[in-house]
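Chemist: Pasting protein.txt below, which is compact mmCIF, C-alpha atoms.
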```txt
# COMPACT_ATOMS: atom_id res chain seq x y z
CA MET B 1 0.00 0.00 0.00
CA SER B 2 2.81 2.43 0.85
CA ALA B 3 4.32 1.67 -2.57
CA PHE B 4 1.10 2.93 -4.12
CA TRP B 5 1.12 6.18 -2.11
CA SER B 6 4.81 6.80 -2.81
CA MET B 7 4.21 6.54 -6.60
CA GLY B 8 7.73 5.29 -7.18
CA GLY B 9 9.19 8.40 -5.57
CA TYR B 10 7.03 10.82 -7.59
CA ALA B 11 4.27 11.24 -4.99
CA ARG B 12 4.94 14.96 -4.49
CA TYR B 13 4.24 15.55 -8.18
CA VAL B 14 1.48 13.01 -8.91
CA TRP B 15 -0.83 13.60 -5.93
CA PRO B 16 -0.88 17.43 -6.13
CA CYS B 17 -1.87 17.06 -9.81
CA PHE B 18 -4.82 14.83 -8.96
CA GLY B 19 -5.69 17.03 -5.97
CA PHE B 20 -5.66 20.18 -8.08
CA ALA B 21 -7.73 18.43 -10.77
CA GLY B 22 -10.31 17.50 -8.11
CA ALA B 23 -10.33 21.09 -6.86
CA VAL B 24 -10.88 22.44 -10.39
CA LEU B 25 -13.77 20.03 -11.00
CA CYS B 26 -15.35 20.97 -7.63
CA TRP B 27 -14.86 24.70 -8.27
CA ASN B 28 -16.52 24.39 -11.68
CA LEU B 29 -19.51 22.61 -10.22
CA TRP B 30 -19.81 25.01 -7.27
CA SER B 31 -19.41 28.19 -9.34
CA ALA B 32 -21.82 27.04 -12.08
CA ARG B 33 -24.50 26.19 -9.52
CA GLY B 34 -23.89 29.51 -7.76
CA TYR B 35 -24.18 31.36 -11.08
CA LEU B 36 -27.50 29.68 -11.87
CA ALA B 37 -28.85 30.32 -8.36
CA ALA B 38 -27.87 34.01 -8.56
CA ALA B 39 -29.51 34.34 -12.00
CA ARG B 40 -32.65 32.70 -10.68
CA SER B 41 -32.85 35.00 -7.65
CA ARG B 42 -32.31 38.05 -9.92
CA ALA B 43 -35.21 36.87 -12.10
CA VAL B 44 -37.40 36.41 -9.00
CA ARG B 45 -36.46 39.89 -7.74
CA ALA B 46 -37.25 41.43 -11.14
CA MET B 47 -40.59 39.67 -11.12
CA ALA B 48 -41.39 40.88 -7.59
CA MET B 49 -40.45 44.48 -8.50
CA ASP B 50 -42.72 44.38 -11.55
CA GLU B 51 -45.59 43.06 -9.46
CA ASN B 52 -45.11 45.86 -6.89
CA VAL B 53 -45.20 48.59 -9.57
CA MET S 1 -30.98 20.03 -40.01
CA TRP S 2 -31.93 23.72 -40.27
CA THR S 3 -35.03 23.20 -38.10
CA TRP S 4 -32.75 21.80 -35.40
CA PHE S 5 -30.35 24.74 -35.84
CA TYR S 6 -33.19 27.26 -35.52
CA LYS S 7 -34.48 25.44 -32.43
CA LEU S 8 -31.07 25.95 -30.84
CA ALA S 9 -31.58 29.69 -31.29
CA SER S 10 -34.66 29.57 -29.04
CA PRO S 11 -33.80 30.37 -25.37
CA PRO S 12 -36.73 28.39 -23.87
CA TYR S 13 -35.81 25.34 -25.95
CA VAL S 14 -32.13 25.52 -24.96
CA PHE S 15 -33.06 26.13 -21.31
CA GLY S 16 -35.24 22.99 -21.28
CA VAL S 17 -32.74 20.79 -23.15
CA ALA S 18 -29.86 21.94 -20.90
CA ALA S 19 -31.88 21.14 -17.76
CA ALA S 20 -32.75 17.67 -19.09
CA LEU S 21 -29.18 16.83 -20.18
CA THR S 22 -27.36 17.99 -17.02
CA PRO S 23 -27.97 14.93 -14.77
CA TRP S 24 -27.12 12.51 -17.61
CA PHE S 25 -23.88 14.29 -18.35
CA PHE S 26 -22.94 14.32 -14.65
CA ALA S 27 -23.75 10.64 -14.13
CA LEU S 28 -21.79 9.52 -17.20
CA ALA S 29 -18.90 11.87 -16.33
CA ALA S 30 -18.71 10.41 -12.80
CA LEU S 31 -18.56 6.87 -14.23
CA ALA S 32 -15.90 7.72 -16.83
CA ILE S 33 -13.73 9.80 -14.47
CA GLY S 34 -14.13 7.21 -11.67
CA TYR S 35 -13.01 4.36 -13.94
CA GLY S 36 -10.22 6.43 -15.51
CA THR S 37 -8.82 7.51 -12.14
CA VAL S 38 -8.79 4.02 -10.61
CA ALA S 39 -7.50 2.32 -13.76
CA GLY S 40 -4.91 5.04 -14.35
CA LEU S 41 -3.59 5.17 -10.78
CA VAL S 42 -3.90 1.51 -9.79
CA PHE S 43 -3.99 -0.81 -12.81
CA ALA S 44 -1.95 0.92 -15.51
CA PRO S 45 1.71 -0.20 -15.41
CA PRO S 46 4.45 2.39 -14.77
CA ASP S 47 6.09 3.85 -17.86
CA TYR S 48 9.49 2.31 -18.71
CA GLN S 49 11.14 5.75 -18.84
CA GLN S 50 9.04 8.04 -16.62
CA GLY S 51 7.98 5.51 -13.99
CA ASP S 52 4.85 6.48 -12.03
CA ALA S 53 5.23 10.17 -12.89
CA PHE S 54 3.60 9.40 -16.27
CA ARG S 55 0.26 9.01 -14.39
CA ILE S 56 -0.01 12.80 -14.42
CA ILE S 57 -1.08 12.33 -18.06
CA TYR S 58 -4.50 11.18 -16.82
CA VAL S 59 -5.36 14.69 -15.66
CA HIS S 60 -2.96 16.77 -17.76
CA ALA S 61 -3.90 15.55 -21.25
CA PRO S 62 -7.70 15.72 -20.76
CA ALA S 63 -7.37 19.24 -19.27
CA ALA S 64 -5.17 20.40 -22.16
CA TRP S 65 -7.50 18.85 -24.75
CA LEU S 66 -10.51 20.45 -23.07
CA SER S 67 -8.81 23.86 -22.96
CA LEU S 68 -8.56 23.76 -26.77
CA PHE S 69 -12.03 22.29 -27.28
CA ALA S 70 -13.68 24.88 -25.01
CA TYR S 71 -11.87 27.74 -26.76
CA THR S 72 -12.97 26.47 -30.18
CA THR S 73 -16.53 26.11 -28.88
CA MET S 74 -16.39 29.68 -27.54
CA ALA S 75 -15.12 31.06 -30.87
CA VAL S 76 -17.67 29.11 -32.94
CA ALA S 77 -20.53 30.13 -30.62
CA GLY S 78 -19.35 33.76 -30.70
CA GLY S 79 -19.13 33.55 -34.51
CA ILE S 80 -22.70 32.24 -34.70
CA GLY S 81 -23.78 35.13 -32.47
CA LEU S 82 -21.95 37.65 -34.65
CA ILE S 83 -22.92 36.33 -38.09
CA TRP S 84 -26.50 35.19 -37.53
CA ARG S 85 -27.16 37.57 -34.63
CA ILE S 86 -28.32 34.61 -32.54
CA LYS S 87 -28.32 35.59 -28.87
CA MET S 88 -27.85 32.00 -27.74
CA GLY S 89 -24.47 31.97 -29.48
CA HIS S 90 -23.24 34.74 -27.22
CA ALA S 91 -24.81 33.05 -24.18
CA VAL S 92 -22.94 29.80 -24.90
CA ALA S 93 -19.69 31.71 -25.53
CA ALA S 94 -20.05 33.56 -22.21
CA ALA S 95 -20.86 30.31 -20.37
CA THR S 96 -17.85 28.50 -21.86
CA ALA S 97 -15.13 31.04 -21.01
CA PRO S 98 -14.67 30.45 -17.25
CA VAL S 99 -14.83 26.67 -17.66
CA GLY S 100 -12.23 26.73 -20.43
CA ALA S 101 -10.00 29.09 -18.45
CA SER S 102 -10.07 26.82 -15.40
CA PHE S 103 -9.07 23.77 -17.47
CA THR S 104 -6.30 25.76 -19.16
CA LEU S 105 -4.95 26.65 -15.70
CA LEU S 106 -5.22 22.97 -14.72
CA ALA S 107 -3.26 21.95 -17.85
CA LEU S 108 -0.54 24.51 -17.07
CA VAL S 109 -0.23 23.57 -13.38
CA THR S 110 -0.19 19.81 -13.97
CA GLY S 111 2.21 20.27 -16.89
CA SER S 112 4.49 22.29 -14.67
CA LEU S 113 4.40 19.62 -11.94
CA TRP S 114 5.14 16.97 -14.57
CA GLY S 115 7.95 19.03 -16.06
CA ARG S 116 9.91 19.29 -12.79
CA PRO S 117 10.89 15.59 -12.51
CA MET S 118 11.12 15.02 -16.29
CA TRP S 119 12.79 18.20 -17.56
CA GLY S 120 14.32 19.43 -14.30
CA THR S 121 12.29 22.66 -14.30
CA TYR S 122 8.75 23.77 -13.50
CA TRP S 123 8.65 26.16 -16.45
CA ALA S 124 10.46 26.71 -19.75
CA TRP S 125 9.59 29.18 -22.50
CA ASP S 126 8.86 26.25 -24.75
CA PRO S 127 6.50 26.74 -27.75
CA ARG S 128 3.79 24.43 -26.36
CA LEU S 129 3.90 25.90 -22.84
CA THR S 130 4.06 29.49 -24.04
CA SER S 131 1.18 29.10 -26.52
CA GLU S 132 -0.92 27.42 -23.81
CA LEU S 133 -0.17 30.35 -21.47
CA ILE S 134 -1.30 32.72 -24.24
CA LEU S 135 -4.53 30.71 -24.41
CA LEU S 136 -5.11 31.41 -20.70
CA PHE S 137 -4.53 35.14 -21.34
CA LEU S 138 -7.01 35.01 -24.23
CA TYR S 139 -9.64 33.45 -21.97
CA VAL S 140 -9.02 36.13 -19.33
CA GLY S 141 -9.19 38.82 -22.03
CA VAL S 142 -12.51 37.53 -23.38
CA MET S 143 -13.97 37.29 -19.87
CA SER S 144 -12.82 40.82 -19.00
CA LEU S 145 -13.93 42.38 -22.28
CA ARG S 146 -17.58 41.30 -22.15
CA PRO S 147 -18.58 43.25 -19.00
CA ALA S 148 -16.33 46.22 -19.94
CA PHE S 149 -19.10 47.71 -22.13
CA GLU S 150 -22.22 49.37 -20.78
CA ASP S 151 -24.23 47.94 -23.66
CA PRO S 152 -24.23 44.13 -23.19
CA ALA S 153 -24.76 43.58 -26.94
CA ARG S 154 -21.56 45.51 -27.72
CA GLY S 155 -19.73 43.54 -25.03
CA ASP S 156 -20.90 40.29 -26.62
CA ARG S 157 -19.73 41.40 -30.07
CA ALA S 158 -16.33 42.56 -28.81
CA ALA S 159 -15.78 39.31 -26.87
CA ALA S 160 -16.84 37.25 -29.90
CA LEU S 161 -14.42 39.16 -32.13
CA LEU S 162 -11.51 38.63 -29.72
CA SER S 163 -12.30 34.92 -29.35
CA ILE S 164 -12.45 34.51 -33.16
CA VAL S 165 -9.13 36.31 -33.63
CA GLY S 166 -7.58 34.24 -30.83
CA VAL S 167 -8.69 30.92 -32.33
CA VAL S 168 -5.56 31.09 -34.51
CA ASN S 169 -3.70 30.07 -31.34
CA VAL S 170 -5.47 26.68 -31.24
CA PRO S 171 -3.64 25.08 -34.21
CA ILE S 172 -0.44 26.79 -33.04
CA ILE S 173 -0.73 24.99 -29.68
CA HIS S 174 -1.55 21.69 -31.36
CA TYR S 175 1.23 21.77 -33.95
CA SER S 176 3.84 23.64 -31.87
CA VAL S 177 5.61 20.37 -31.03
CA LEU S 178 6.02 19.65 -34.76
CA TRP S 179 6.79 23.16 -36.02
CA TRP S 180 9.46 24.07 -33.46
CA ASN S 181 12.02 22.34 -31.27
CA SER S 182 10.18 21.54 -28.09
CA LEU S 183 10.80 19.91 -24.74
CA HIS S 184 7.21 18.70 -24.89
CA GLN S 185 6.57 15.22 -26.26
CA GLY S 186 4.75 14.79 -29.57
CA ALA S 187 1.30 13.25 -30.13
CA THR S 188 0.67 10.11 -28.11
CA VAL S 189 -2.99 9.27 -28.62
CA ALA S 190 -3.84 11.09 -31.86
CA LYS S 191 -1.10 9.44 -33.92
CA ILE S 192 -2.51 8.33 -37.24
CA GLY S 193 -2.47 4.56 -37.49
CA LYS S 194 -1.39 3.47 -34.03
CA PRO S 195 -1.29 5.31 -30.71
CA ALA S 196 2.10 5.16 -28.96
CA MET S 197 0.58 3.58 -25.84
CA PRO S 198 -0.47 0.06 -24.86
CA GLY S 199 -4.16 -0.51 -24.16
CA SER S 200 -3.66 -0.79 -20.38
CA MET S 201 -2.46 2.83 -20.38
CA LEU S 202 -4.62 4.09 -23.23
CA TRP S 203 -8.11 3.04 -22.08
CA PRO S 204 -7.96 4.92 -18.76
CA LEU S 205 -6.74 7.98 -20.68
CA LEU S 206 -9.59 7.76 -23.20
CA SER S 207 -12.01 7.30 -20.32
CA MET S 208 -10.66 10.43 -18.59
CA LEU S 209 -10.91 12.38 -21.86
CA LEU S 210 -14.53 11.31 -22.25
CA GLY S 211 -15.26 12.02 -18.57
CA PHE S 212 -13.80 15.54 -18.74
CA MET S 213 -15.80 16.24 -21.91
CA LEU S 214 -19.02 15.04 -20.28
CA PHE S 215 -18.24 17.08 -17.15
CA TYR S 216 -17.67 20.12 -19.36
CA GLY S 217 -21.04 19.43 -21.02
CA ALA S 218 -22.78 19.26 -17.64
CA VAL S 219 -21.20 22.45 -16.28
CA LEU S 220 -21.84 24.24 -19.58
CA CYS S 221 -25.54 23.26 -19.40
CA ILE S 222 -25.83 24.78 -15.90
CA ARG S 223 -24.00 27.97 -16.90
CA VAL S 224 -26.02 28.35 -20.11
CA ARG S 225 -29.23 28.17 -18.06
CA GLY S 226 -27.87 30.95 -15.83
CA GLU S 227 -26.92 33.03 -18.90
CA VAL S 228 -30.39 32.53 -20.41
CA LEU S 229 -32.07 33.60 -17.15
CA ASN S 230 -29.85 36.70 -16.94
CA ARG S 231 -30.48 37.70 -20.52
CA GLU S 232 -34.19 36.86 -20.73
CA ARG S 233 -35.43 37.68 -17.25
CA GLN S 234 -38.11 40.04 -18.59
CA ALA S 235 -39.54 37.33 -20.86
CA THR S 236 -42.86 35.74 -19.93
CA TRP S 237 -41.54 32.20 -20.27
CA VAL S 238 -38.76 32.93 -17.74
CA ARG S 239 -41.31 34.18 -15.24
CA GLU S 240 -43.34 31.01 -15.70
CA ALA S 241 -40.22 28.83 -15.47
CA VAL S 242 -39.09 30.56 -12.25
CA LYS S 243 -42.62 30.41 -10.75
CA SER S 244 -42.95 26.70 -11.52
CA ARG S 245 -39.86 25.85 -9.41
```
Represent the structure contained in this file as structure tokens.
Modeler:
Amino acid sequence: MSAFWSMGGYARYVWPCFGFAGAVLCWNLWSARGYLAAARSRAVRAMAMDENV
Amino acid sequence: MWTWFYKLASPPYVFGVAAALTPWFFALAALAIGYGTVAGLVFAPPDYQQGDAFRIIYVHAPAAWLSLFAYTTMAVAGGIGLIWRIKMGHAVAAATAPVGASFTLLALVTGSLWGRPMWGTYWAWDPRLTSELILLFLYVGVMSLRPAFEDPARGDRAAALLSIVGVVNVPIIHYSVLWWNSLHQGATVAKIGKPAMPGSMLWPLLSMLLGFMLFYGAVLCIRVRGEVLNRERQATWVREAVKSR
């Protein structure tokens, strides 16, 4: 098992690459969902403002 | 064919299709990336020259491929918006830019980490690395240009123009290893005839490529829905769509 984690002596290069890739995938998912949620709340606000006028 | 093309110009149609496709893209991306990661890290044999460091290819190559694919998508979508004045073209271009930029950064960082043990340096002003860095600057330029105009339509047109001009960098990146002396290795998978990799290394890589593409599709669908809502929030169908949720 430790042979797997050591990656033949290249662990400090291999694991940060996979870690950063995971972080980029998570950031993309999080930011896209946040963008959609913000757009939706802006649409709801615009609708509420129109109804109040 | 043209009916389908015109349908893609309709914001409500695209909004509905994107919502329906998102979970499928995510599920298939999770399967492909899950298989590719396990097979690439555990089952693929070490490279005879690079040892286990070659496993970085399983995140580096898909990210680099996606950085080019997303840029081409952005330029084509921007071109469609410019030529046919289809608003959805600009919406797709705007939605693609941050995703493409993030994968370009991933390709540069993983390439740098791979370069250290193989070339003895994190960075070299090599044609492939430099042209990929220019791609990141182009993404940042396109993203900064769009909101720099008070009139969103002008911002869309300016961003589309820059992305179309910048698309010349895509073949430069791809062929840089052939046109100039480069530290970077040549084509491994896309070699005509026979890829320079055994199946035990190649299948996880192809799976990761597919997984990253599907993930890009899923994230793009979510972002396009956000773009459509931002651009069409005064439309009746948007009000009904928001009310129904």
Chemist: Output, as lines of an AutoDock Vina configuration file, the centre and edge lengths in Å (one decimal) of the axis-aligned box that contains all listed atoms of segment 16-25 of chain B with 4 Å of margin on each side.
Modeler:
```
center_x = -7.3
center_y = 18.6
center_z = -8.5
size_x = 20.9
size_y = 15.6
size_z = 13.0
```
Chemist: Which residue is closest to chain S? Choose from B:Gly34, B:Met7, B:Ala48, B:Arg12 and count all atoms listed in the file.
Modeler: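 Under the stated criterion, the closest residue is B:Met7.
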Chemist: Each residue of chain B lying at most 6 Å from chain S should get a row with its shortest atom-to-atom pair and the distance in Å to one decimal, counting only C-alpha atoms; could you produce that, ordered by chain and increasing number, as a tab-separated table?
Modeler:
```
residue	atom	partner	partner_atom	distance
B:Met7	CA	S:Asp52	CA	5.5
B:Gly8	CA	S:Asp52	CA	5.8
B:Tyr10	CA	S:Ala53	CA	5.6
B:Tyr13	CA	S:Leu113	CA	5.5
B:Val14	CA	S:Ile56	CA	5.7
B:Cys17	CA	S:Thr110	CA	5.3
B:Ala32	CA	S:Arg223	CA	5.4
B:Leu36	CA	S:Gly226	CA	4.2
B:Ala39	CA	S:Gly226	CA	5.4
B:Ala43	CA	S:Arg233	CA	5.2
```
Chemist: Using Å and a single decimal, report how far atom CA of Ala153 of chain S sits from atom CA of Gly79 of chain S.
Modeler: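 Answer for the atom CA of Gly79 of chain S to atom CA of Ala153 of chain S separation: 13.8 Å.
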Chemist: Could you please determine the separation between atom CA of Val92 of chain S and atom CA of Tyr35 of chain S in Å, to one decimal place?
Modeler: 29.4 Å
Chemist: Have a look at atom CA of Trp180 of chain S and atom CA of Ser67 of chain S and let me know their distance in Å, one decimal.
Modeler: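 Separation of atom CA of Trp180 of chain S and atom CA of Ser67 of chain S: 21.1 Å.
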Chemist: Select, from S:Leu209, S:Leu214, S:Leu162, S:Leu82, the residue with the minimum atom-to-atom distance to Gly36 of chain S, counting all atoms listed in the file.
Modeler: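 Of S:Leu209, S:Leu214, S:Leu162, S:Leu82, the one nearest Gly36 of chain S is S:Leu209, counting all atoms listed in the file.
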Chemist: Step by step: start from the point (-8.8, 22.7, -26.5) in the file's coordinates, keep every protein, DNA or RNA residue that has an atom no farther than 12 Å from it, count only C-alpha atoms, and write the set as a PyMOL selection string.
Modeler: chain S and resi 61-75+96-97+99-104+107+131-132+135-136+139+167+169-174+209+212-213+216
Chemist: Next, the residues of the selection above should be written as a PDB file, in the coordinates of the input with C-alpha atoms.
Modeler:
```
ATOM      1  CA  ALA S  61      -3.900  15.550 -21.250  1.00  0.00           C
ATOM      2  CA  PRO S  62      -7.700  15.720 -20.760  1.00  0.00           C
ATOM      3  CA  ALA S  63      -7.370  19.240 -19.270  1.00  0.00           C
ATOM      4  CA  ALA S  64      -5.170  20.400 -22.160  1.00  0.00           C
ATOM      5  CA  TRP S  65      -7.500  18.850 -24.750  1.00  0.00           C
ATOM      6  CA  LEU S  66     -10.510  20.450 -23.070  1.00  0.00           C
ATOM      7  CA  SER S  67      -8.810  23.860 -22.960  1.00  0.00           C
ATOM      8  CA  LEU S  68      -8.560  23.760 -26.770  1.00  0.00           C
ATOM      9  CA  PHE S  69     -12.030  22.290 -27.280  1.00  0.00           C
ATOM     10  CA  ALA S  70     -13.680  24.880 -25.010  1.00  0.00           C
ATOM     11  CA  TYR S  71     -11.870  27.740 -26.760  1.00  0.00           C
ATOM     12  CA  THR S  72     -12.970  26.470 -30.180  1.00  0.00           C
ATOM     13  CA  THR S  73     -16.530  26.110 -28.880  1.00  0.00           C
ATOM     14  CA  MET S  74     -16.390  29.680 -27.540  1.00  0.00           C
ATOM     15  CA  ALA S  75     -15.120  31.060 -30.870  1.00  0.00           C
ATOM     16  CA  THR S  96     -17.850  28.500 -21.860  1.00  0.00           C
ATOM     17  CA  ALA S  97     -15.130  31.040 -21.010  1.00  0.00           C
ATOM     18  CA  VAL S  99     -14.830  26.670 -17.660  1.00  0.00           C
ATOM     19  CA  GLY S 100     -12.230  26.730 -20.430  1.00  0.00           C
ATOM     20  CA  ALA S 101     -10.000  29.090 -18.450  1.00  0.00           C
ATOM     21  CA  SER S 102     -10.070  26.820 -15.400  1.00  0.00           C
ATOM     22  CA  PHE S 103      -9.070  23.770 -17.470  1.00  0.00           C
ATOM     23  CA  THR S 104      -6.300  25.760 -19.160  1.00  0.00           C
ATOM     24  CA  ALA S 107      -3.260  21.950 -17.850  1.00  0.00           C
ATOM     25  CA  SER S 131       1.180  29.100 -26.520  1.00  0.00           C
ATOM     26  CA  GLU S 132      -0.920  27.420 -23.810  1.00  0.00           C
ATOM     27  CA  LEU S 135      -4.530  30.710 -24.410  1.00  0.00           C
ATOM     28  CA  LEU S 136      -5.110  31.410 -20.700  1.00  0.00           C
ATOM     29  CA  TYR S 139      -9.640  33.450 -21.970  1.00  0.00           C
ATOM     30  CA  VAL S 167      -8.690  30.920 -32.330  1.00  0.00           C
ATOM     31  CA  ASN S 169      -3.700  30.070 -31.340  1.00  0.00           C
ATOM     32  CA  VAL S 170      -5.470  26.680 -31.240  1.00  0.00           C
ATOM     33  CA  PRO S 171      -3.640  25.080 -34.210  1.00  0.00           C
ATOM     34  CA  ILE S 172      -0.440  26.790 -33.040  1.00  0.00           C
ATOM     35  CA  ILE S 173      -0.730  24.990 -29.680  1.00  0.00           C
ATOM     36  CA  HIS S 174      -1.550  21.690 -31.360  1.00  0.00           C
ATOM     37  CA  LEU S 209     -10.910  12.380 -21.860  1.00  0.00           C
ATOM     38  CA  PHE S 212     -13.800  15.540 -18.740  1.00  0.00           C
ATOM     39  CA  MET S 213     -15.800  16.240 -21.910  1.00  0.00           C
ATOM     40  CA  TYR S 216     -17.670  20.120 -19.360  1.00  0.00           C
TER      41      TYR S 216
END
```
Chemist: When you look at segment 140-148 of chain S with a cut-off of 6 Å (counting all atoms listed in the file), what residues show up, excluding the ones that are within fewer than 6 positions of it in the same chain? I need them as a PyMOL selection string.
Modeler: chain S and resi 155-156+159
Chemist: Which is closest to Val168 of chain S among S:Ala32, S:Glu150, S:Leu138, S:Leu205, if we use all atoms listed in the file?
Modeler: S:Leu138
